[in-house]
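Peer 1: The structure that follows is given in the form of C-alpha cells.
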Amino acid sequence: MVALHHTDSKLASLSNSAPPKVRRMRFRFGDPEPIKKYFIEDDFVMSHLIALLSGSFPPGEESFIRSVRRFAGEITDPVLKKRVAGFIGQEAVHGQQHRELNQQLVELGYPLVRLLAFEPDSRIERLVVRLENVLPRAVHLAFTAAAEHYTATMAVKILADEDLRAIPGDPEIWNLLDWHAYEELEHKSVAFDVFRATGGSERTRIATMAFLYYAMIPFLTAAVLVSIATDPAAWRPIKVARQTIGLFRGPLLRGLMPELRVYMKRGFHPDDVDTSALLEQWQRQLFGTDAGSLVDRVKR
C-alpha cells in the first residue's frame, strides 16, 4: 500500500503539489457516550500516550506554523505559497480540535495534558517563542520538517496497519486520529519543500532528524511514566509493565525506527514514500460524497 521510491527531489515535490484542503471540523467527543478514562481498550499505557500526544499537538503545531511563517517573504513559487497556506490552515484546525479533546482529557484525570497543552499567548508560550527566536531559522524549520516525517510515518501506521486499527477504543477519538493522520499525509512535504526552497542544507536537515530520532522515544516513554505516576488508579506495576512491553512490541511502534531512518539518507524527499493510494482510499472513506464517515463532521 505504501512504497518507497527514490526520485529526484524536485520531481518528487511535484507529485504532492496540490494545496492541502482545509476542512473546518467539529468532532463530538463524549456524545452520545461519555469518554472512558482509559479510552484505548482500557489500556493504561496506550491511553496515557495518546492523551499526551493530543496534549502536545496544539502548541507543537502552532510552533510548526511559526517556523514556516518565518520564511514567508522568501517563498516565490506560487504553488508552494498555496501549499503553505493549506498547511497552516490544516495545522490550525488540528490544534483547535485537539484542544477540544484535551479539555475532556484533563477532566478525566490527565493533569499532564494541561501542562503540555498550554494556551496561546500564555506565559509558557511566550517563553517557547523566545526560545524559538534564539534558534537559527533554518534549524527551527528543520525541526518542523523532521517532525512532519514522524507524524507522516505514524499516520501511515494509523491508516494502514490492520492490527493497530483492530485495537478497540473510543470511536470519536479514532475518528479524530484518522482525520489527523489523513491530513498529515496531505501536507507531509510542505515544510520540507519550504526548507529546501529557502536554502536549507542537507547537513542541518539530517542532523536535526538524528537528534529527534534518538531523543523522541525515550522522551515519550519518560513522559508516559510520569503521567501514569500522576494517576493513582493506574498504579498497578505488573499491568503497566505488561502493557509497556506490549506497546513496544505492538503495531504502533513495530518497524517504526527503520521507517523513520530513511529521512536521514542524503537526497531523501518525503514524497519518495508513496502514500498516494492510501490518500485516495481514505479520501473516499472519510469524505466521499455518498458514504464518507466524517462528512457530517465538516462545518459548512
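Every chain in the C-alpha cells takes a letter, A first, then B, and so on in the order presented; its residues are numbered from 1, and the ligands are numbered from 1 following the presented order.
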List the neighbours of A:Pro58 out to 10 Å using only C-alpha atoms; skip same-chain residues closer than 3 positions along the sequence, and give me the result as a VMD selection string.
Peer 2: chain A and resid 53 to 55 61 to 64 91 to 99 102 116 to 120
Peer 1: Limited to N, CA and C atoms, could you put the picked residues into a file as a short mmCIF file (atom, residue, chain, number, x, y, z; two decimals), in the first residue's frame?
Peer 2:
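Below is the file that was written, part_22.cif:
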```
data_model
loop_
_atom_site.label_atom_id
_atom_site.label_comp_id
_atom_site.auth_asym_id
_atom_site.auth_seq_id
_atom_site.Cartn_x
_atom_site.Cartn_y
_atom_site.Cartn_z
N LEU A 53 0.16 12.83 23.54
CA LEU A 53 0.33 13.30 22.16
C LEU A 53 -0.71 14.35 21.82
N SER A 54 -1.97 14.08 22.21
CA SER A 54 -3.02 15.07 21.95
C SER A 54 -2.72 16.38 22.66
N GLY A 55 -2.21 16.28 23.89
CA GLY A 55 -1.86 17.49 24.61
C GLY A 55 -0.75 18.29 23.94
N GLU A 61 1.93 22.27 16.84
CA GLU A 61 1.53 22.69 15.50
C GLU A 61 1.59 24.21 15.36
N GLU A 62 1.32 24.93 16.45
CA GLU A 62 1.48 26.39 16.39
C GLU A 62 2.95 26.76 16.19
N SER A 63 3.85 25.99 16.77
CA SER A 63 5.28 26.20 16.55
C SER A 63 5.65 25.89 15.10
N PHE A 64 5.07 24.83 14.55
CA PHE A 64 5.34 24.49 13.14
C PHE A 64 4.90 25.64 12.24
N GLU A 91 -3.04 22.76 10.02
CA GLU A 91 -2.43 22.66 11.35
C GLU A 91 -3.23 23.45 12.38
N ALA A 92 -3.77 24.59 11.99
CA ALA A 92 -4.57 25.39 12.92
C ALA A 92 -5.82 24.64 13.34
N VAL A 93 -6.49 23.97 12.40
CA VAL A 93 -7.69 23.21 12.74
C VAL A 93 -7.33 21.99 13.59
N HIS A 94 -6.20 21.34 13.30
CA HIS A 94 -5.76 20.23 14.14
C HIS A 94 -5.63 20.69 15.60
N GLY A 95 -4.96 21.81 15.79
CA GLY A 95 -4.79 22.32 17.15
C GLY A 95 -6.11 22.62 17.82
N GLN A 96 -7.04 23.22 17.08
CA GLN A 96 -8.34 23.57 17.67
C GLN A 96 -9.11 22.33 18.09
N GLN A 97 -9.11 21.29 17.26
CA GLN A 97 -9.86 20.08 17.60
C GLN A 97 -9.20 19.30 18.73
N HIS A 98 -7.88 19.27 18.75
CA HIS A 98 -7.21 18.60 19.87
C HIS A 98 -7.41 19.36 21.18
N ARG A 99 -7.52 20.67 21.12
CA ARG A 99 -7.82 21.42 22.34
C ARG A 99 -9.20 21.03 22.88
N ASN A 102 -8.63 17.81 24.53
CA ASN A 102 -7.77 17.95 25.71
C ASN A 102 -8.53 18.44 26.93
N LEU A 116 1.06 20.34 29.03
CA LEU A 116 1.54 20.30 27.64
C LEU A 116 0.73 21.21 26.73
N ALA A 117 -0.58 21.24 26.94
CA ALA A 117 -1.47 21.97 26.02
C ALA A 117 -1.65 23.41 26.47
N PHE A 118 -0.55 24.12 26.67
CA PHE A 118 -0.66 25.49 27.14
C PHE A 118 -1.34 26.36 26.09
N GLU A 119 -2.03 27.39 26.58
CA GLU A 119 -2.86 28.23 25.72
C GLU A 119 -2.01 29.24 24.95
N PRO A 120 -2.52 29.68 23.78
CA PRO A 120 -1.84 30.75 23.05
C PRO A 120 -1.69 32.00 23.91
#
```
Peer 1: Could you give me, as a VMD selection string, the residues within 7 Å of stretch 20-32 of chain A, counting only C-alpha atoms and dropping anything in the same chain fewer than 3 positions from it?
Peer 2: chain A and resid 35 83 86 to 87 89 to 90 93 101 172 186 to 187 297 to 299
Peer 1: Report the distance between atom CA of A:Glu125 and atom CA of A:Gly60 in Å, rounded to one decimal place.
Peer 2: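 That distance, rounded to one decimal, is 10.4 Å.
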Peer 1: What does the structure give for the distance between atom CA of A:Thr244 and atom CA of A:Ile217, in Å to one decimal?
Peer 2: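 Pair atom CA of A:Thr244 / atom CA of A:Ile217 returns 12.5 Å.
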Peer 1: If you run DSSP on this backbone, which residues of stretch 16-245 of chain A come out as alpha helix (DSSP H), and could you give them as a PyMOL selection string?
Peer 2: chain A and resi 44-69+78-108+111-116+123-134+137-160+162-165+171-186+190-197+202-229+237-245
Peer 1: Tell me, as a ChimeraX atom specification, which residues lie within 9 Å of A:Gly109, counting only C-alpha atoms; anything in the same chain fewer than 6 positions away does not count.
Peer 2: /A:37,230-231
Peer 1: Keeping N, CA and C atoms for every residue in the selection just given, could you write it to a file as a PDB file, in the first residue's frame?
Peer 2:
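Saved the output as selection_33.pdb:
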```pdb
ATOM      1  N   LYS A  37     -12.147   6.909  30.852  1.00  0.00           N
ATOM      2  CA  LYS A  37     -10.817   7.423  31.184  1.00  0.00           C
ATOM      3  C   LYS A  37      -9.741   6.690  30.398  1.00  0.00           C
ATOM      4  N   THR A 230       1.002  10.285  38.001  1.00  0.00           N
ATOM      5  CA  THR A 230       0.008  11.253  38.479  1.00  0.00           C
ATOM      6  C   THR A 230      -1.397  10.660  38.533  1.00  0.00           C
ATOM      7  N   ASP A 231      -1.536   9.394  38.191  1.00  0.00           N
ATOM      8  CA  ASP A 231      -2.844   8.742  38.062  1.00  0.00           C
ATOM      9  C   ASP A 231      -2.912   7.555  39.026  1.00  0.00           C
TER      10      ASP A 231
END
```
Peer 1: Which residues come within 12 Å of A:Gln283, counting only C-alpha atoms, excluding same-chain residues fewer than 4 positions away, as a list in words?
Peer 2: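 Result of the neighbour search: Lys21, Leu159, Asp178, Trp179, Ala181, Tyr182, Glu183, Leu185, Glu186, Ser276, Ala277, Leu278, Leu279, Phe287, Gly288, Thr289, Asp290, Ala291, Gly292, Ser293, Leu294 and Val295 of chain A.
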Peer 1: Please report, as JSON lines, each residue of stretch 129-192 of chain A lying at most 10 Å from stretch 45-52 of chain A, together with the nearest pair of atoms and the separation in Å rounded to one decimal; use only C-alpha atoms, and order rows by chain and ascending residue number.
Peer 2:
```
{"residue": "A:Gly169", "atom": "CA", "partner": "A:Ser47", "partner_atom": "CA", "distance": 9.2}
{"residue": "A:Ile173", "atom": "CA", "partner": "A:Ile50", "partner_atom": "CA", "distance": 9.6}
{"residue": "A:Leu177", "atom": "CA", "partner": "A:Ile50", "partner_atom": "CA", "distance": 9.6}
```
Peer 1: Could you save those same residues with C-alpha atoms as a short mmCIF file (atom, residue, chain, number, x, y, z; two decimals), in the first residue's frame?
Peer 2:
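Everything below was put into selection_31.cif:
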```cif
data_model
loop_
_atom_site.label_atom_id
_atom_site.label_comp_id
_atom_site.auth_asym_id
_atom_site.auth_seq_id
_atom_site.Cartn_x
_atom_site.Cartn_y
_atom_site.Cartn_z
CA GLY A 169 -11.13 2.45 21.60
CA ILE A 173 -11.12 9.67 19.24
CA LEU A 177 -6.89 10.26 14.71
#
```
Peer 1: Here is a test: counting only C-alpha atoms, which residue of A:Ile75, A:Arg165, A:Arg114, A:Val129 is nearest to A:Pro251?
Peer 2: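 Distance minimum relative to A:Pro251 lands on A:Arg165.
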Peer 1: Please determine, counting only C-alpha atoms, which residue among A:Asp163, A:Ile124, A:Asn175, A:Tyr213 has the shortest atom-to-atom distance to A:Phe143.
Peer 2: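 Going through A:Asp163, A:Ile124, A:Asn175, A:Tyr213 one by one, the smallest distance to A:Phe143 is for A:Tyr213.
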Peer 1: Measure the distance from atom CA of A:Phe57 to atom CA of A:Lys188 in Å and round it to one decimal.
Peer 2: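 Pair atom CA of A:Phe57 / atom CA of A:Lys188 returns 15.4 Å.
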Peer 1: Go through A:Thr153, A:Met257, A:His180, A:Gln243 and flag the residue nearest A:Asp271, using only C-alpha atoms for the distances.
Peer 2: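 Closest to A:Asp271 of all the choices is A:Thr153.
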Peer 1: Extract, using only C-alpha atoms, all DNA, RNA and protein residues at most 8 Å from A:Ala191, discarding same-chain residues fewer than 3 positions from it, and format them as a list in words.
Peer 2: Val68, Val84, Leu141, Thr144, Ala145, Glu148, Lys188, Val194 and Phe195 of chain A
Peer 1: Can those selected residues be exported to a file as a PDB file, in the first residue's frame so that it contains C-alpha atoms?
Peer 2:
```
ATOM      1  CA  VAL A  68       7.155  28.242   8.197  1.00  0.00           C
ATOM      2  CA  VAL A  84       1.910  26.695   2.725  1.00  0.00           C
ATOM      3  CA  LEU A 141      12.197  24.823  10.178  1.00  0.00           C
ATOM      4  CA  THR A 144       9.329  21.072  11.735  1.00  0.00           C
ATOM      5  CA  ALA A 145      10.223  19.118   8.596  1.00  0.00           C
ATOM      6  CA  GLU A 148       6.369  16.115   9.940  1.00  0.00           C
ATOM      7  CA  LYS A 188       3.749  15.895   4.678  1.00  0.00           C
ATOM      8  CA  VAL A 194       9.995  25.350   2.194  1.00  0.00           C
ATOM      9  CA  PHE A 195      13.255  24.274   3.858  1.00  0.00           C
TER      10      PHE A 195
END
```
Peer 1: Kindly indicate which residue among A:Ile158, A:Ala215, A:Ala85, A:Val190 lies nearest to A:Leu176, using only C-alpha atoms for the distances.
Peer 2: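 The answer is A:Ile158, which sits nearest to A:Leu176.
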Peer 1: Write out as JSON, numbers by chain each polymer residue whose atoms come within 10 Å of A:Lys36, counting only C-alpha atoms; drop sequence neighbours fewer than 2 positions from it.
Peer 2: {"A": [30, 33, 34, 38, 39, 40, 41, 42, 47, 105, 108, 169, 170]}
Peer 1: Tell me which of A:Gly200, A:Pro59, A:Pro258, A:Pro168 sits closest to A:Asp121, counting only C-alpha atoms.
Peer 2: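 Residue with the minimum atom-to-atom distance to A:Asp121: A:Pro59.
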